[in-house]
Amino acid sequence: MTPAVLFQGVSKTYGSGAKSFTALTEVNLQIQQGEFFALLGPNGAGKTTLIGILSGLVRPTQGLAKVMGFDVQTQGSAARRALGVVPQELVFDPFFTVRETLRIQSGFFGLARNDDWIDECLTALGLLDKANANMRALSGGMKRRVLVAQALVHRPPVIVLDEPTAGVDIELRESLWRFIQKLNTQGHTIVLTTHYLEEAEQLCSQVGFLKKGRLVSVEQTQSLLASSSLEQAFRRILADAA
Ligand SMILES: Nc1ncnc2c1ncn2[C@@H]1O[C@H](COP(=O)(O)OP(=O)(O)OP(=O)(O)O)[C@@H](O)[C@H]1O
Ligand SMILES: [Mg+2]
């Protein structure tokens, strides 16, 4: 089966000359379809850069990335259609309402009548009563919910969430994970970055560790947990592989 996500020899150096910084070094990773994958690593390890390469926003210096078999650089439009990314940074247009934002996003994918699915997303994310509120009138956590809905409007087979629960209350965390887990059982592939290791421990079938731009370990969560907690494993892996 085609892997949901493929990185082959991916390196990324930002800038050039004396000011250059290498954020990723020869990352090779395959995530199979249907997997719930946690991408873990300390601040600055390269997680968001790797996700940026997958979404086509960041150009790799070397190597290639594919989503559902589509090369993000040479088959960008098909790759984007197969992918939904919840970005780490809150970015939104303050002049639109929540529903307008989601309709416009649907329009990018040529989906003219998408309201049933939009309503399902709004309901699952506890946003239905804010559907007609302007984006600028939402709290931070609510804006993040809209970003989640926005990533899902075209029902992408691969869903990437870059720290989706940062600054989010317990209730939304639970409803978000219920919704994402349902999508996962329906066959969607999920890639998650988080600094809450207990989330990764509970949700993810596989865990990858990035350290200073290198993928230093990929393991099944179950076999990792047989010998230690995820937090212990995380500390050990970061202390090892210097
Ligand atoms: N546009 C850029 N120009 C220069 N350096 C950058 C740029 N974007 C990221 N970096 C650097 O690349 C490294 C990796 O950053 P990245 O955002 O990928 O880390 P991260 O693992 O997502 O961290 P966090 O957990 O804090 O979100 C950092 O040292 C960062 O300063
Ligand atoms: Mg990041």
# chains A, B, ... in the order shown; residues from 1 in each chain; ligands from 1
>>> closest_atom_pairs(of="chain A", to="ligand 1", cutoff="8 Å", atoms="only C-alpha atoms and all ligand atoms", output="JSON lines")
{"residue": "A:Tyr14", "atom": "CA", "partner": "ligand 1", "partner_atom_place_in_ligand_line": "4 (C)", "distance": 4.9}
{"residue": "A:Gly15", "atom": "CA", "partner": "ligand 1", "partner_atom_place_in_ligand_line": "4 (C)", "distance": 6.4}
{"residue": "A:Ser20", "atom": "CA", "partner": "ligand 1", "partner_atom_place_in_ligand_line": "4 (C)", "distance": 7.6}
{"residue": "A:Phe21", "atom": "CA", "partner": "ligand 1", "partner_atom_place_in_ligand_line": "5 (N)", "distance": 6.2}
{"residue": "A:Thr22", "atom": "CA", "partner": "ligand 1", "partner_atom_place_in_ligand_line": "12 (O)", "distance": 7.0}
{"residue": "A:Ala23", "atom": "CA", "partner": "ligand 1", "partner_atom_place_in_ligand_line": "12 (O)", "distance": 4.4}
{"residue": "A:Leu24", "atom": "CA", "partner": "ligand 1", "partner_atom_place_in_ligand_line": "14 (C)", "distance": 7.6}
{"residue": "A:Leu40", "atom": "CA", "partner": "ligand 1", "partner_atom_place_in_ligand_line": "21 (O)", "distance": 7.9}
{"residue": "A:Gly41", "atom": "CA", "partner": "ligand 1", "partner_atom_place_in_ligand_line": "21 (O)", "distance": 6.1}
{"residue": "A:Pro42", "atom": "CA", "partner": "ligand 1", "partner_atom_place_in_ligand_line": "25 (O)", "distance": 5.5}
{"residue": "A:Asn43", "atom": "CA", "partner": "ligand 1", "partner_atom_place_in_ligand_line": "26 (O)", "distance": 3.4}
{"residue": "A:Gly44", "atom": "CA", "partner": "ligand 1", "partner_atom_place_in_ligand_line": "19 (O)", "distance": 3.4}
{"residue": "A:Ala45", "atom": "CA", "partner": "ligand 1", "partner_atom_place_in_ligand_line": "21 (O)", "distance": 3.8}
{"residue": "A:Gly46", "atom": "CA", "partner": "ligand 1", "partner_atom_place_in_ligand_line": "18 (O)", "distance": 3.2}
{"residue": "A:Lys47", "atom": "CA", "partner": "ligand 1", "partner_atom_place_in_ligand_line": "21 (O)", "distance": 3.7}
{"residue": "A:Thr48", "atom": "CA", "partner": "ligand 1", "partner_atom_place_in_ligand_line": "22 (O)", "distance": 3.6}
{"residue": "A:Thr49", "atom": "CA", "partner": "ligand 1", "partner_atom_place_in_ligand_line": "18 (O)", "distance": 3.7}
{"residue": "A:Leu50", "atom": "CA", "partner": "ligand 1", "partner_atom_place_in_ligand_line": "18 (O)", "distance": 6.4}
{"residue": "A:Ile51", "atom": "CA", "partner": "ligand 1", "partner_atom_place_in_ligand_line": "18 (O)", "distance": 8.0}
{"residue": "A:Gln88", "atom": "CA", "partner": "ligand 1", "partner_atom_place_in_ligand_line": "27 (O)", "distance": 7.2}
{"residue": "A:Asp162", "atom": "CA", "partner": "ligand 1", "partner_atom_place_in_ligand_line": "27 (O)", "distance": 7.9}
{"residue": "A:Glu163", "atom": "CA", "partner": "ligand 1", "partner_atom_place_in_ligand_line": "27 (O)", "distance": 7.6}
{"residue": "A:Thr194", "atom": "CA", "partner": "ligand 1", "partner_atom_place_in_ligand_line": "25 (O)", "distance": 7.8}
{"residue": "A:His195", "atom": "CA", "partner": "ligand 1", "partner_atom_place_in_ligand_line": "25 (O)", "distance": 7.3}
{"residue": "A:Leu210", "atom": "CA", "partner": "ligand 1", "partner_atom_place_in_ligand_line": "21 (O)", "distance": 7.6}
{"residue": "A:Lys212", "atom": "CA", "partner": "ligand 1", "partner_atom_place_in_ligand_line": "14 (C)", "distance": 7.8}
{"residue": "A:Gly213", "atom": "CA", "partner": "ligand 1", "partner_atom_place_in_ligand_line": "14 (C)", "distance": 7.1}
>>> residues_around(residues="region 28-35 of chain A", least_positions_apart="6", cutoff="10 Å", atoms="only C-alpha atoms", output="PDB file with all heavy atoms, in the first residue's frame")
ATOM      1  N   MET A   1       0.847  -1.204   0.000  1.00  0.00           N
ATOM      2  CA  MET A   1       0.000   0.000   0.000  1.00  0.00           C
ATOM      3  C   MET A   1       0.884   1.257   0.000  1.00  0.00           C
ATOM      4  O   MET A   1       1.914   1.282   0.654  1.00  0.00           O
ATOM      5  CB  MET A   1      -0.909  -0.023   1.241  1.00  0.00           C
ATOM      6  CG  MET A   1      -2.102   0.872   1.067  1.00  0.00           C
ATOM      7  SD  MET A   1      -3.497   0.655   2.225  1.00  0.00           S
ATOM      8  CE  MET A   1      -2.783   0.241   3.770  1.00  0.00           C
ATOM      9  N   THR A   2       0.440   2.252  -0.731  1.00  0.00           N
ATOM     10  CA  THR A   2       1.159   3.534  -0.737  1.00  0.00           C
ATOM     11  C   THR A   2       1.213   4.103   0.681  1.00  0.00           C
ATOM     12  O   THR A   2       0.182   4.172   1.339  1.00  0.00           O
ATOM     13  CB  THR A   2       0.388   4.559  -1.606  1.00  0.00           C
ATOM     14  OG1 THR A   2       0.051   3.941  -2.832  1.00  0.00           O
ATOM     15  CG2 THR A   2       1.204   5.810  -1.855  1.00  0.00           C
ATOM     16  N   PRO A   3       2.383   4.520   1.148  1.00  0.00           N
ATOM     17  CA  PRO A   3       2.401   5.156   2.482  1.00  0.00           C
ATOM     18  C   PRO A   3       1.606   6.457   2.459  1.00  0.00           C
ATOM     19  O   PRO A   3       1.546   7.138   1.437  1.00  0.00           O
ATOM     20  CB  PRO A   3       3.887   5.432   2.739  1.00  0.00           C
ATOM     21  CG  PRO A   3       4.650   4.873   1.612  1.00  0.00           C
ATOM     22  CD  PRO A   3       3.706   4.455   0.534  1.00  0.00           C
ATOM     23  N   ALA A   4       0.983   6.778   3.593  1.00  0.00           N
ATOM     24  CA  ALA A   4       0.238   8.040   3.689  1.00  0.00           C
ATOM     25  C   ALA A   4       1.197   9.219   3.605  1.00  0.00           C
ATOM     26  O   ALA A   4       0.924  10.230   2.959  1.00  0.00           O
ATOM     27  CB  ALA A   4      -0.538   8.073   5.003  1.00  0.00           C
ATOM     28  N   VAL A   5       2.338   9.065   4.290  1.00  0.00           N
ATOM     29  CA  VAL A   5       3.347  10.129   4.328  1.00  0.00           C
ATOM     30  C   VAL A   5       4.706   9.496   4.070  1.00  0.00           C
ATOM     31  O   VAL A   5       5.013   8.429   4.605  1.00  0.00           O
ATOM     32  CB  VAL A   5       3.368  10.815   5.717  1.00  0.00           C
ATOM     33  CG1 VAL A   5       4.554  11.773   5.833  1.00  0.00           C
ATOM     34  CG2 VAL A   5       2.062  11.560   5.973  1.00  0.00           C
ATOM     35  N   LEU A   6       5.487  10.146   3.242  1.00  0.00           N
ATOM     36  CA  LEU A   6       6.837   9.657   2.968  1.00  0.00           C
ATOM     37  C   LEU A   6       7.814  10.834   2.948  1.00  0.00           C
ATOM     38  O   LEU A   6       7.577  11.836   2.263  1.00  0.00           O
ATOM     39  CB  LEU A   6       6.856   8.956   1.608  1.00  0.00           C
ATOM     40  CG  LEU A   6       8.224   8.498   1.115  1.00  0.00           C
ATOM     41  CD1 LEU A   6       8.662   7.241   1.845  1.00  0.00           C
ATOM     42  CD2 LEU A   6       8.199   8.234  -0.387  1.00  0.00           C
ATOM     43  N   PHE A   7       8.872  10.714   3.733  1.00  0.00           N
ATOM     44  CA  PHE A   7       9.989  11.658   3.643  1.00  0.00           C
ATOM     45  C   PHE A   7      11.215  10.853   3.233  1.00  0.00           C
ATOM     46  O   PHE A   7      11.510   9.823   3.839  1.00  0.00           O
ATOM     47  CB  PHE A   7      10.273  12.324   4.998  1.00  0.00           C
ATOM     48  CG  PHE A   7       9.196  13.257   5.468  1.00  0.00           C
ATOM     49  CD1 PHE A   7       8.318  12.882   6.475  1.00  0.00           C
ATOM     50  CD2 PHE A   7       9.067  14.524   4.913  1.00  0.00           C
ATOM     51  CE1 PHE A   7       7.328  13.747   6.925  1.00  0.00           C
ATOM     52  CE2 PHE A   7       8.074  15.401   5.350  1.00  0.00           C
ATOM     53  CZ  PHE A   7       7.208  15.008   6.342  1.00  0.00           C
ATOM     54  N   GLN A   8      11.919  11.346   2.218  1.00  0.00           N
ATOM     55  CA  GLN A   8      13.095  10.627   1.750  1.00  0.00           C
ATOM     56  C   GLN A   8      14.292  11.574   1.719  1.00  0.00           C
ATOM     57  O   GLN A   8      14.297  12.529   0.937  1.00  0.00           O
ATOM     58  CB  GLN A   8      12.817  10.098   0.346  1.00  0.00           C
ATOM     59  CG  GLN A   8      13.276   8.678   0.131  1.00  0.00           C
ATOM     60  CD  GLN A   8      12.670   8.112  -1.140  1.00  0.00           C
ATOM     61  OE1 GLN A   8      12.794   8.709  -2.208  1.00  0.00           O
ATOM     62  NE2 GLN A   8      12.002   6.980  -1.043  1.00  0.00           N
ATOM     63  N   GLY A   9      15.243  11.326   2.591  1.00  0.00           N
ATOM     64  CA  GLY A   9      16.473  12.129   2.603  1.00  0.00           C
ATOM     65  C   GLY A   9      16.234  13.616   2.736  1.00  0.00           C
ATOM     66  O   GLY A   9      16.902  14.415   2.075  1.00  0.00           O
ATOM     67  N   VAL A  10      15.272  14.001   3.592  1.00  0.00           N
ATOM     68  CA  VAL A  10      14.896  15.418   3.671  1.00  0.00           C
ATOM     69  C   VAL A  10      15.845  16.204   4.587  1.00  0.00           C
ATOM     70  O   VAL A  10      16.008  15.880   5.762  1.00  0.00           O
ATOM     71  CB  VAL A  10      13.437  15.575   4.162  1.00  0.00           C
ATOM     72  CG1 VAL A  10      13.153  17.034   4.518  1.00  0.00           C
ATOM     73  CG2 VAL A  10      12.466  15.097   3.094  1.00  0.00           C
ATOM     74  N   SER A  11      16.455  17.226   4.019  1.00  0.00           N
ATOM     75  CA  SER A  11      17.254  18.175   4.791  1.00  0.00           C
ATOM     76  C   SER A  11      16.739  19.574   4.521  1.00  0.00           C
ATOM     77  O   SER A  11      16.225  19.855   3.441  1.00  0.00           O
ATOM     78  CB  SER A  11      18.735  18.104   4.384  1.00  0.00           C
ATOM     79  OG  SER A  11      19.262  16.820   4.646  1.00  0.00           O
ATOM     80  N   GLY A  63      16.102  16.238  -0.815  1.00  0.00           N
ATOM     81  CA  GLY A  63      15.166  15.171  -0.526  1.00  0.00           C
ATOM     82  C   GLY A  63      13.762  15.463  -1.019  1.00  0.00           C
ATOM     83  O   GLY A  63      13.507  16.514  -1.610  1.00  0.00           O
ATOM     84  N   LEU A  64      12.861  14.508  -0.780  1.00  0.00           N
ATOM     85  CA  LEU A  64      11.490  14.703  -1.249  1.00  0.00           C
ATOM     86  C   LEU A  64      10.480  14.234  -0.224  1.00  0.00           C
ATOM     87  O   LEU A  64      10.776  13.428   0.659  1.00  0.00           O
ATOM     88  CB  LEU A  64      11.270  14.005  -2.593  1.00  0.00           C
ATOM     89  CG  LEU A  64      11.400  12.494  -2.688  1.00  0.00           C
ATOM     90  CD1 LEU A  64      10.093  11.804  -2.336  1.00  0.00           C
ATOM     91  CD2 LEU A  64      11.787  12.111  -4.106  1.00  0.00           C
ATOM     92  N   ALA A  65       9.267  14.780  -0.364  1.00  0.00           N
ATOM     93  CA  ALA A  65       8.167  14.432   0.528  1.00  0.00           C
ATOM     94  C   ALA A  65       6.955  14.083  -0.316  1.00  0.00           C
ATOM     95  O   ALA A  65       6.716  14.698  -1.364  1.00  0.00           O
ATOM     96  CB  ALA A  65       7.846  15.613   1.444  1.00  0.00           C
ATOM     97  N   LYS A  66       6.199  13.066   0.104  1.00  0.00           N
ATOM     98  CA  LYS A  66       4.985  12.672  -0.604  1.00  0.00           C
ATOM     99  C   LYS A  66       3.827  12.516   0.370  1.00  0.00           C
ATOM    100  O   LYS A  66       4.015  12.065   1.506  1.00  0.00           O
ATOM    101  CB  LYS A  66       5.193  11.335  -1.322  1.00  0.00           C
ATOM    102  CG  LYS A  66       6.135  11.408  -2.504  1.00  0.00           C
ATOM    103  CD  LYS A  66       6.210  10.070  -3.207  1.00  0.00           C
ATOM    104  CE  LYS A  66       7.121  10.161  -4.428  1.00  0.00           C
ATOM    105  NZ  LYS A  66       7.216   8.870  -5.135  1.00  0.00           N
ATOM    106  N   VAL A  67       2.629  12.870  -0.102  1.00  0.00           N
ATOM    107  CA  VAL A  67       1.397  12.612   0.635  1.00  0.00           C
ATOM    108  C   VAL A  67       0.557  11.678  -0.224  1.00  0.00           C
ATOM    109  O   VAL A  67       0.238  12.021  -1.373  1.00  0.00           O
ATOM    110  CB  VAL A  67       0.610  13.916   0.881  1.00  0.00           C
ATOM    111  CG1 VAL A  67      -0.610  13.638   1.749  1.00  0.00           C
ATOM    112  CG2 VAL A  67       1.476  14.981   1.527  1.00  0.00           C
ATOM    113  N   MET A  68       0.209  10.526   0.300  1.00  0.00           N
ATOM    114  CA  MET A  68      -0.579   9.528  -0.428  1.00  0.00           C
ATOM    115  C   MET A  68       0.014   9.273  -1.827  1.00  0.00           C
ATOM    116  O   MET A  68      -0.700   9.117  -2.807  1.00  0.00           O
ATOM    117  CB  MET A  68      -2.039   9.966  -0.564  1.00  0.00           C
ATOM    118  CG  MET A  68      -2.768  10.125   0.757  1.00  0.00           C
ATOM    119  SD  MET A  68      -2.897   8.603   1.738  1.00  0.00           S
ATOM    120  CE  MET A  68      -4.159   7.702   0.850  1.00  0.00           C
ATOM    121  N   PRO A 157      -7.513  12.531   3.487  1.00  0.00           N
ATOM    122  CA  PRO A 157      -7.119  11.229   4.048  1.00  0.00           C
ATOM    123  C   PRO A 157      -5.998  11.343   5.076  1.00  0.00           C
ATOM    124  O   PRO A 157      -5.900  10.513   5.963  1.00  0.00           O
ATOM    125  CB  PRO A 157      -6.659  10.422   2.827  1.00  0.00           C
ATOM    126  CG  PRO A 157      -6.445  11.416   1.741  1.00  0.00           C
ATOM    127  CD  PRO A 157      -7.324  12.577   2.023  1.00  0.00           C
ATOM    128  N   VAL A 158      -5.175  12.398   4.965  1.00  0.00           N
ATOM    129  CA  VAL A 158      -4.075  12.581   5.915  1.00  0.00           C
ATOM    130  C   VAL A 158      -4.277  13.889   6.681  1.00  0.00           C
ATOM    131  O   VAL A 158      -4.430  14.949   6.078  1.00  0.00           O
ATOM    132  CB  VAL A 158      -2.710  12.610   5.193  1.00  0.00           C
ATOM    133  CG1 VAL A 158      -1.574  12.746   6.210  1.00  0.00           C
ATOM    134  CG2 VAL A 158      -2.518  11.357   4.346  1.00  0.00           C
ATOM    135  N   LEU A 183     -12.249   9.767  13.191  1.00  0.00           N
ATOM    136  CA  LEU A 183     -11.730   9.884  11.824  1.00  0.00           C
ATOM    137  C   LEU A 183     -10.647   8.834  11.577  1.00  0.00           C
ATOM    138  O   LEU A 183     -10.560   8.248  10.507  1.00  0.00           O
ATOM    139  CB  LEU A 183     -11.175  11.293  11.580  1.00  0.00           C
ATOM    140  CG  LEU A 183     -12.216  12.417  11.579  1.00  0.00           C
ATOM    141  CD1 LEU A 183     -11.541  13.782  11.520  1.00  0.00           C
ATOM    142  CD2 LEU A 183     -13.175  12.263  10.410  1.00  0.00           C
ATOM    143  N   ASN A 184      -9.827   8.574  12.606  1.00  0.00           N
ATOM    144  CA  ASN A 184      -8.780   7.568  12.480  1.00  0.00           C
ATOM    145  C   ASN A 184      -9.376   6.170  12.278  1.00  0.00           C
ATOM    146  O   ASN A 184      -8.920   5.411  11.410  1.00  0.00           O
ATOM    147  CB  ASN A 184      -7.870   7.612  13.713  1.00  0.00           C
ATOM    148  CG  ASN A 184      -6.710   6.638  13.632  1.00  0.00           C
ATOM    149  OD1 ASN A 184      -6.521   5.807  14.508  1.00  0.00           O
ATOM    150  ND2 ASN A 184      -5.922   6.707  12.569  1.00  0.00           N
ATOM    151  N   THR A 185     -10.443   5.850  13.024  1.00  0.00           N
ATOM    152  CA  THR A 185     -11.048   4.516  12.840  1.00  0.00           C
ATOM    153  C   THR A 185     -11.743   4.420  11.489  1.00  0.00           C
ATOM    154  O   THR A 185     -11.908   3.332  10.956  1.00  0.00           O
ATOM    155  CB  THR A 185     -12.058   4.165  13.956  1.00  0.00           C
ATOM    156  OG1 THR A 185     -13.010   5.233  14.049  1.00  0.00           O
ATOM    157  CG2 THR A 185     -11.393   3.986  15.294  1.00  0.00           C
ATOM    158  N   GLN A 186     -12.110   5.569  10.928  1.00  0.00           N
ATOM    159  CA  GLN A 186     -12.696   5.555   9.584  1.00  0.00           C
ATOM    160  C   GLN A 186     -11.628   5.442   8.496  1.00  0.00           C
ATOM    161  O   GLN A 186     -11.947   5.418   7.310  1.00  0.00           O
ATOM    162  CB  GLN A 186     -13.527   6.825   9.344  1.00  0.00           C
ATOM    163  CG  GLN A 186     -14.820   6.839  10.139  1.00  0.00           C
ATOM    164  CD  GLN A 186     -15.526   8.188  10.078  1.00  0.00           C
ATOM    165  OE1 GLN A 186     -14.986   9.154   9.532  1.00  0.00           O
ATOM    166  NE2 GLN A 186     -16.715   8.257  10.635  1.00  0.00           N
ATOM    167  N   GLY A 187     -10.356   5.430   8.910  1.00  0.00           N
ATOM    168  CA  GLY A 187      -9.290   5.211   7.930  1.00  0.00           C
ATOM    169  C   GLY A 187      -8.375   6.398   7.686  1.00  0.00           C
ATOM    170  O   GLY A 187      -7.392   6.276   6.950  1.00  0.00           O
ATOM    171  N   HIS A 188      -8.690   7.558   8.273  1.00  0.00           N
ATOM    172  CA  HIS A 188      -7.802   8.711   8.090  1.00  0.00           C
ATOM    173  C   HIS A 188      -6.492   8.474   8.843  1.00  0.00           C
ATOM    174  O   HIS A 188      -6.497   7.939   9.950  1.00  0.00           O
ATOM    175  CB  HIS A 188      -8.452   9.991   8.632  1.00  0.00           C
ATOM    176  CG  HIS A 188      -9.671  10.419   7.873  1.00  0.00           C
ATOM    177  ND1 HIS A 188      -9.647  11.412   6.925  1.00  0.00           N
ATOM    178  CD2 HIS A 188     -10.949   9.971   7.907  1.00  0.00           C
ATOM    179  CE1 HIS A 188     -10.861  11.561   6.426  1.00  0.00           C
ATOM    180  NE2 HIS A 188     -11.684  10.704   7.003  1.00  0.00           N
ATOM    181  N   THR A 189      -5.408   8.898   8.230  1.00  0.00           N
ATOM    182  CA  THR A 189      -4.104   8.832   8.875  1.00  0.00           C
ATOM    183  C   THR A 189      -3.904  10.124   9.673  1.00  0.00           C
ATOM    184  O   THR A 189      -4.180  11.208   9.160  1.00  0.00           O
ATOM    185  CB  THR A 189      -2.993   8.722   7.813  1.00  0.00           C
ATOM    186  OG1 THR A 189      -3.311   7.639   6.950  1.00  0.00           O
ATOM    187  CG2 THR A 189      -1.628   8.511   8.450  1.00  0.00           C
ATOM    188  N   ILE A 190      -3.439   9.996  10.907  1.00  0.00           N
ATOM    189  CA  ILE A 190      -3.264  11.172  11.756  1.00  0.00           C
ATOM    190  C   ILE A 190      -1.796  11.320  12.152  1.00  0.00           C
ATOM    191  O   ILE A 190      -1.163  10.343  12.568  1.00  0.00           O
ATOM    192  CB  ILE A 190      -4.101  11.053  13.061  1.00  0.00           C
ATOM    193  CG1 ILE A 190      -5.523  10.525  12.794  1.00  0.00           C
ATOM    194  CG2 ILE A 190      -4.116  12.377  13.815  1.00  0.00           C
ATOM    195  CD1 ILE A 190      -6.448  11.447  12.069  1.00  0.00           C
ATOM    196  N   VAL A 191      -1.280  12.534  11.997  1.00  0.00           N
ATOM    197  CA  VAL A 191       0.063  12.851  12.484  1.00  0.00           C
ATOM    198  C   VAL A 191      -0.079  13.993  13.477  1.00  0.00           C
ATOM    199  O   VAL A 191      -0.697  15.012  13.167  1.00  0.00           O
ATOM    200  CB  VAL A 191       1.009  13.269  11.337  1.00  0.00           C
ATOM    201  CG1 VAL A 191       2.405  13.588  11.880  1.00  0.00           C
ATOM    202  CG2 VAL A 191       1.073  12.177  10.269  1.00  0.00           C
ATOM    203  N   CYS A 204      -1.571   7.492  20.251  1.00  0.00           N
ATOM    204  CA  CYS A 204      -0.782   7.191  19.050  1.00  0.00           C
ATOM    205  C   CYS A 204      -0.299   5.757  19.006  1.00  0.00           C
ATOM    206  O   CYS A 204       0.092   5.185  20.016  1.00  0.00           O
ATOM    207  CB  CYS A 204       0.400   8.149  18.968  1.00  0.00           C
ATOM    208  SG  CYS A 204      -0.169   9.853  18.835  1.00  0.00           S
ATOM    209  N   SER A 205      -0.330   5.183  17.812  1.00  0.00           N
ATOM    210  CA  SER A 205       0.143   3.817  17.641  1.00  0.00           C
ATOM    211  C   SER A 205       1.655   3.782  17.422  1.00  0.00           C
ATOM    212  O   SER A 205       2.306   2.784  17.710  1.00  0.00           O
ATOM    213  CB  SER A 205      -0.570   3.164  16.457  1.00  0.00           C
ATOM    214  OG  SER A 205      -0.600   4.040  15.338  1.00  0.00           O
ATOM    215  N   GLN A 206       2.208   4.873  16.935  1.00  0.00           N
ATOM    216  CA  GLN A 206       3.636   4.941  16.650  1.00  0.00           C
ATOM    217  C   GLN A 206       4.183   6.296  17.071  1.00  0.00           C
ATOM    218  O   GLN A 206       3.480   7.303  16.980  1.00  0.00           O
ATOM    219  CB  GLN A 206       3.852   4.804  15.143  1.00  0.00           C
ATOM    220  CG  GLN A 206       4.674   3.614  14.766  1.00  0.00           C
ATOM    221  CD  GLN A 206       4.978   3.595  13.283  1.00  0.00           C
ATOM    222  OE1 GLN A 206       4.554   4.452  12.520  1.00  0.00           O
ATOM    223  NE2 GLN A 206       5.725   2.609  12.883  1.00  0.00           N
ATOM    224  N   GLY A 208       7.602   8.928  16.739  1.00  0.00           N
ATOM    225  CA  GLY A 208       8.907   9.280  16.182  1.00  0.00           C
ATOM    226  C   GLY A 208       9.506  10.410  16.994  1.00  0.00           C
ATOM    227  O   GLY A 208       8.785  11.322  17.418  1.00  0.00           O
ATOM    228  N   ARG A 214      17.315  15.661  13.530  1.00  0.00           N
ATOM    229  CA  ARG A 214      17.489  14.269  13.095  1.00  0.00           C
ATOM    230  C   ARG A 214      16.398  13.399  13.717  1.00  0.00           C
ATOM    231  O   ARG A 214      16.082  13.554  14.898  1.00  0.00           O
ATOM    232  CB  ARG A 214      18.850  13.720  13.527  1.00  0.00           C
ATOM    233  CG  ARG A 214      19.993  14.349  12.779  1.00  0.00           C
ATOM    234  CD  ARG A 214      21.322  13.791  13.258  1.00  0.00           C
ATOM    235  NE  ARG A 214      22.404  14.617  12.770  1.00  0.00           N
ATOM    236  CZ  ARG A 214      23.021  14.400  11.602  1.00  0.00           C
ATOM    237  NH1 ARG A 214      22.692  13.364  10.862  1.00  0.00           N
ATOM    238  NH2 ARG A 214      23.981  15.214  11.203  1.00  0.00           N
ATOM    239  N   LEU A 215      15.888  12.466  12.882  1.00  0.00           N
ATOM    240  CA  LEU A 215      14.911  11.519  13.395  1.00  0.00           C
ATOM    241  C   LEU A 215      15.690  10.402  14.060  1.00  0.00           C
ATOM    242  O   LEU A 215      16.316   9.586  13.385  1.00  0.00           O
ATOM    243  CB  LEU A 215      14.063  10.996  12.236  1.00  0.00           C
ATOM    244  CG  LEU A 215      12.832  10.203  12.618  1.00  0.00           C
ATOM    245  CD1 LEU A 215      11.806  11.080  13.335  1.00  0.00           C
ATOM    246  CD2 LEU A 215      12.193   9.598  11.377  1.00  0.00           C
ATOM    247  N   VAL A 218      12.069   5.707  15.774  1.00  0.00           N
ATOM    248  CA  VAL A 218      10.650   5.498  15.444  1.00  0.00           C
ATOM    249  C   VAL A 218      10.260   4.161  16.036  1.00  0.00           C
ATOM    250  O   VAL A 218      10.899   3.145  15.750  1.00  0.00           O
ATOM    251  CB  VAL A 218      10.402   5.475  13.920  1.00  0.00           C
ATOM    252  CG1 VAL A 218       8.935   5.200  13.622  1.00  0.00           C
ATOM    253  CG2 VAL A 218      10.832   6.781  13.276  1.00  0.00           C
TER     254      VAL A 218
END
>>> atom_distance(atom1="CA of Thr13 (chain A)", atom2="CA of Tyr196 (chain A)")
27.8 Å
>>> residues_around(residues="Ala131 (chain A)", least_positions_apart="6", cutoff="7 Å", atoms="only C-alpha atoms", output="ChimeraX atom specification")
/A:97-99
>>> write_last_selection(atoms="all heavy atoms", output="mmCIF file, in the first residue's frame")
data_model
loop_
_atom_site.group_PDB
_atom_site.id
_atom_site.type_symbol
_atom_site.label_atom_id
_atom_site.label_comp_id
_atom_site.auth_asym_id
_atom_site.auth_seq_id
_atom_site.Cartn_x
_atom_site.Cartn_y
_atom_site.Cartn_z
ATOM 1 N N THR A 97 -16.898 35.458 9.250
ATOM 2 C CA THR A 97 -17.440 34.661 10.349
ATOM 3 C C THR A 97 -16.846 33.259 10.258
ATOM 4 O O THR A 97 -16.192 32.904 9.275
ATOM 5 C CB THR A 97 -18.973 34.540 10.256
ATOM 6 O OG1 THR A 97 -19.295 33.757 9.098
ATOM 7 C CG2 THR A 97 -19.653 35.899 10.155
ATOM 8 N N VAL A 98 -17.122 32.481 11.291
ATOM 9 C CA VAL A 98 -16.615 31.112 11.334
ATOM 10 C C VAL A 98 -17.136 30.336 10.114
ATOM 11 O O VAL A 98 -16.375 29.689 9.385
ATOM 12 C CB VAL A 98 -17.047 30.427 12.641
ATOM 13 C CG1 VAL A 98 -16.725 28.942 12.616
ATOM 14 C CG2 VAL A 98 -16.387 31.113 13.840
ATOM 15 N N ARG A 99 -18.446 30.444 9.882
ATOM 16 C CA ARG A 99 -19.007 29.673 8.765
ATOM 17 C C ARG A 99 -18.452 30.141 7.423
ATOM 18 O O ARG A 99 -18.114 29.329 6.563
ATOM 19 C CB ARG A 99 -20.541 29.749 8.765
ATOM 20 C CG ARG A 99 -21.181 28.835 7.714
ATOM 21 C CD ARG A 99 -22.691 28.864 7.748
ATOM 22 N NE ARG A 99 -23.254 28.268 8.948
ATOM 23 C CZ ARG A 99 -23.335 26.959 9.177
ATOM 24 N NH1 ARG A 99 -22.872 26.103 8.286
ATOM 25 N NH2 ARG A 99 -23.873 26.512 10.281
#
>>> residues_around(residues="Phe92 (chain A)", least_positions_apart="5", cutoff="9 Å", atoms="only C-alpha atoms", output="MDAnalysis selection string")
chainID A and resid 101 135:136 143 147
>>> atom_distance(atom1="CA of Gln232 (chain A)", atom2="CA of Leu192 (chain A)")
19.4 Å
>>> select_by_dssp(residues="region 41-73 of chain A", states="strand (DSSP E)", output="short mmCIF file (atom, residue, chain, number, x, y, z; two decimals) with C-alpha atoms, in the first residue's frame")
data_model
loop_
_atom_site.label_atom_id
_atom_site.label_comp_id
_atom_site.auth_asym_id
_atom_site.auth_seq_id
_atom_site.Cartn_x
_atom_site.Cartn_y
_atom_site.Cartn_z
CA GLN A 62 17.40 18.19 -0.25
CA GLY A 63 15.17 15.17 -0.53
CA LEU A 64 11.49 14.70 -1.25
CA ALA A 65 8.17 14.43 0.53
CA LYS A 66 4.99 12.67 -0.60
CA VAL A 67 1.40 12.61 0.64
CA PHE A 70 1.87 12.54 -4.50
CA ASP A 71 5.13 14.47 -4.56
#
